[in-house]
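All remarks here apply to the structure that follows.
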Amino acid sequence: MAKTYSKPTSILFTLVTIFFFSTYVIADEAPVFSKNLPPSSLGLKQQKLSHLHFYFHDIVSGPKPTAIRVAQAATTNTSLTGFGAMAVIDDPLTLLPENTSKVVGQAQGIYTLASQSEAALLMVMNFAFTEGEYNGSTLSVLGRNTVFSTVREMPIVGGSGVFRFARGYAQAKTYTFDTKSGDAVVEYNVYVLHH
């Protein structure tokens, strides 16, 4: 003979069963923090290597500078290296070294004199391109720039637009430096892997 349960026990059993199955269903649909995706799900194609060449105009003098000191330490003016000085930049990037050359983008960000023993900058900037197939795309640079070295290498740590998932490096070489004004033109060769 089958055992029958009292009405309260039957209701309790039903509620526990509903709770168990609803928890299982909800847990199955819970948000996920991360998951692996195939690159094609974002429209990514095979990587390619691009070489960009341009000139960076860092103008600190005159009525319309493109690099402006915004902060400094109390000891910056007595430091042999300018340690602690920080500048915000919106430097034009041109096709040729002359400041009248075609502008292909802007270098926007900050640099800080970050060494007490040599003239070395911490560069945190985006190359924001305004011409050709890279118009509207950016490359992000984060690295050390020892300004009196012949060639300096800084990492490309990312990008946007055409340069999503970019990585690579930028080589900087001073083209001209005016010791009186502090203005400089720097030649950049950028090598970047991107999709």
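Here, A, B, ... name the chains of the structure tokens in the order displayed, residue numbers run from 1 inside each chain, and ligands are numbered from 1 in the same displayed order.
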Close residues, range 118-120 of chain A itself excluded, 10 Å, only C-alpha atoms, min 6 positions apart in chain, as a list of chain:residue names: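 Selected residues are A:Leu80, A:Thr81, A:Gly82, A:Phe83, A:Tyr111, A:Thr112, A:Arg144, A:Asn145, A:Thr146, A:Val147, A:Phe148, A:Ser149.
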Those of chain A in DSSP helix (DSSP H, G or I), formatted as a PyMOL selection string: chain A and resi 7-28+39-42+76-78+132-134+161-163
Atom-to-atom span, CA of Pro63 in chain A and CA of Thr179 in chain A, Å: 17.9 Å
DSSP strand (DSSP E or B) residues within range 28-122 of chain A, as number ranges by chain: A: 48-58, 67-71, 86-94, 103-113, 120-122
Keeping only C-alpha atoms, write the selected residues to a file as a compact mmCIF listing (two decimals), in the first residue's frame.
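Writing done, so here's out.txt:
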# COMPACT_ATOMS: atom_id res chain seq x y z
CA LYS A 48 49.11 42.14 -40.72
CA LEU A 49 52.21 44.21 -40.04
CA SER A 50 52.03 47.91 -40.91
CA HIS A 51 54.86 50.45 -40.96
CA LEU A 52 53.92 54.09 -40.35
CA HIS A 53 56.39 56.94 -40.83
CA PHE A 54 55.76 60.52 -39.71
CA TYR A 55 57.24 63.51 -37.89
CA PHE A 56 56.23 64.65 -34.40
CA HIS A 57 56.39 68.43 -33.77
CA ASP A 58 56.85 69.26 -30.07
CA ALA A 67 53.28 71.06 -25.37
CA ILE A 68 52.51 72.86 -22.12
CA ARG A 69 54.02 72.22 -18.69
CA VAL A 70 51.14 71.61 -16.29
CA ALA A 71 52.95 70.41 -13.15
CA MET A 86 54.95 67.10 -16.58
CA ALA A 87 53.60 68.39 -19.90
CA VAL A 88 50.35 67.86 -21.76
CA ILE A 89 50.75 67.56 -25.52
CA ASP A 90 48.68 67.96 -28.66
CA ASP A 91 51.56 67.71 -31.13
CA PRO A 92 50.94 67.60 -34.88
CA LEU A 93 52.14 64.55 -36.80
CA THR A 94 53.23 65.43 -40.34
CA VAL A 103 49.22 66.85 -41.04
CA VAL A 104 48.33 63.15 -40.76
CA GLY A 105 47.34 63.17 -37.09
CA GLN A 106 48.03 64.38 -33.57
CA ALA A 107 50.06 63.00 -30.67
CA GLN A 108 47.88 63.62 -27.63
CA GLY A 109 48.77 62.78 -24.04
CA ILE A 110 51.36 63.54 -21.42
CA TYR A 111 55.06 63.18 -20.82
CA THR A 112 56.92 63.43 -17.56
CA LEU A 113 60.60 63.82 -16.83
CA ALA A 120 64.31 60.40 -19.72
CA LEU A 121 60.60 60.84 -20.29
CA LEU A 122 57.69 58.62 -19.42
Write out as a PDB file with N, CA, C and O atoms, in the first residue's frame the residues lying within 9 Å of Thr150 in chain A, counting only C-alpha atoms and excluding same-chain residues fewer than 5 positions away.
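Dumped to out_4.pdb:
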ATOM      1  N   ALA A 172      61.795  56.372 -32.165  1.00  0.00           N
ATOM      2  CA  ALA A 172      61.852  57.828 -32.258  1.00  0.00           C
ATOM      3  C   ALA A 172      63.308  58.255 -32.451  1.00  0.00           C
ATOM      4  O   ALA A 172      64.209  57.742 -31.789  1.00  0.00           O
ATOM      5  N   LYS A 173      63.500  59.197 -33.369  1.00  0.00           N
ATOM      6  CA  LYS A 173      64.845  59.717 -33.638  1.00  0.00           C
ATOM      7  C   LYS A 173      64.722  61.232 -33.804  1.00  0.00           C
ATOM      8  O   LYS A 173      63.951  61.706 -34.644  1.00  0.00           O
ATOM      9  N   THR A 174      65.462  61.981 -32.999  1.00  0.00           N
ATOM     10  CA  THR A 174      65.376  63.438 -33.083  1.00  0.00           C
ATOM     11  C   THR A 174      65.860  63.903 -34.443  1.00  0.00           C
ATOM     12  O   THR A 174      66.966  63.574 -34.873  1.00  0.00           O
TER      13      THR A 174
END
Give one line per residue of range 93-141 of chain A that approaches range 154-168 of chain A to at most 8 Å, naming the two atoms of the closest pair and their distance in Å to one decimal, counting only C-alpha atoms; sort by chain then ascending residue number and deliver it as a tab-separated table.
residue	atom	partner	partner_atom	distance
A:Tyr134	CA	A:Val162	CA	6.5
A:Gly136	CA	A:Gly161	CA	6.7
A:Ser137	CA	A:Gly161	CA	4.5
A:Thr138	CA	A:Ser160	CA	5.2
A:Leu139	CA	A:Gly159	CA	4.2
A:Ser140	CA	A:Gly158	CA	5.3
A:Val141	CA	A:Ile156	CA	4.7
Output N, CA, C and O atoms for every residue in that selection, as an mmCIF file, in the first residue's frame.
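Output saved as part_26.cif:
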data_model
loop_
_atom_site.group_PDB
_atom_site.id
_atom_site.type_symbol
_atom_site.label_atom_id
_atom_site.label_comp_id
_atom_site.auth_asym_id
_atom_site.auth_seq_id
_atom_site.Cartn_x
_atom_site.Cartn_y
_atom_site.Cartn_z
ATOM 1 N N TYR A 134 43.754 55.181 -42.097
ATOM 2 C CA TYR A 134 43.822 55.167 -40.629
ATOM 3 C C TYR A 134 43.043 56.321 -39.994
ATOM 4 O O TYR A 134 43.062 56.481 -38.777
ATOM 5 N N GLY A 136 40.639 58.373 -38.036
ATOM 6 C CA GLY A 136 39.757 57.999 -36.940
ATOM 7 C C GLY A 136 40.286 56.883 -36.053
ATOM 8 O O GLY A 136 39.672 56.549 -35.049
ATOM 9 N N SER A 137 41.428 56.325 -36.400
ATOM 10 C CA SER A 137 42.031 55.258 -35.609
ATOM 11 C C SER A 137 43.155 55.816 -34.748
ATOM 12 O O SER A 137 43.726 56.860 -35.054
ATOM 13 N N THR A 138 43.468 55.095 -33.659
ATOM 14 C CA THR A 138 44.539 55.546 -32.772
ATOM 15 C C THR A 138 45.478 54.394 -32.442
ATOM 16 O O THR A 138 45.104 53.224 -32.512
ATOM 17 N N LEU A 139 46.694 54.768 -32.064
ATOM 18 C CA LEU A 139 47.662 53.850 -31.477
ATOM 19 C C LEU A 139 48.074 54.424 -30.130
ATOM 20 O O LEU A 139 48.285 55.639 -30.011
ATOM 21 N N SER A 140 48.200 53.571 -29.123
ATOM 22 C CA SER A 140 48.563 54.015 -27.773
ATOM 23 C C SER A 140 50.000 53.622 -27.460
ATOM 24 O O SER A 140 50.387 52.464 -27.622
ATOM 25 N N VAL A 141 50.760 54.620 -26.981
ATOM 26 C CA VAL A 141 52.163 54.436 -26.629
ATOM 27 C C VAL A 141 52.303 54.616 -25.119
ATOM 28 O O VAL A 141 51.746 55.555 -24.549
#
CA of Ala128 in chain A to CA of Asn99 in chain A, straight-line distance in Å: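 Those two atoms sit 17.5 Å apart.
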For His195 in chain A, the nearest of the candidates A:Gly43, A:Gly143, A:Gln171, A:Ile59, counting only C-alpha atoms: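 Selected residue with least distance to His195 in chain A: A:Gly43.
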All residues 8 Å or closer to Ala73 in chain A, only C-alpha atoms, same chain fewer than 3 positions away omitted, as a PyMOL selection string: chain A and resi 76+83-85
Next, dump the selected residues to file, keeping only N, CA, C and O atoms, as a PDB file, in the first residue's frame.
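What ended up in selection_5.pdb:
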ATOM      1  N   THR A  76      62.035  70.549  -9.080  1.00  0.00           N
ATOM      2  CA  THR A  76      62.259  70.422 -10.528  1.00  0.00           C
ATOM      3  C   THR A  76      63.251  71.457 -11.053  1.00  0.00           C
ATOM      4  O   THR A  76      64.141  71.125 -11.842  1.00  0.00           O
ATOM      5  N   PHE A  83      63.674  66.616 -13.373  1.00  0.00           N
ATOM      6  CA  PHE A  83      62.879  65.560 -12.746  1.00  0.00           C
ATOM      7  C   PHE A  83      61.619  66.123 -12.089  1.00  0.00           C
ATOM      8  O   PHE A  83      61.667  67.074 -11.324  1.00  0.00           O
ATOM      9  N   GLY A  84      60.481  65.520 -12.457  1.00  0.00           N
ATOM     10  CA  GLY A  84      59.206  65.909 -11.865  1.00  0.00           C
ATOM     11  C   GLY A  84      58.351  66.813 -12.729  1.00  0.00           C
ATOM     12  O   GLY A  84      57.187  67.028 -12.416  1.00  0.00           O
ATOM     13  N   ALA A  85      58.891  67.326 -13.819  1.00  0.00           N
ATOM     14  CA  ALA A  85      58.096  68.189 -14.711  1.00  0.00           C
ATOM     15  C   ALA A  85      57.165  67.328 -15.557  1.00  0.00           C
ATOM     16  O   ALA A  85      57.534  66.239 -16.006  1.00  0.00           O
TER      17      ALA A  85
END
Pick from A:Phe177, A:Leu44, A:Ala170, A:Pro39 nearest to Val190 in chain A, counting only C-alpha atoms: A:Ala170
CA of Val186 in chain A to CA of Pro97 in chain A, straight-line distance in Å: 8.1 Å
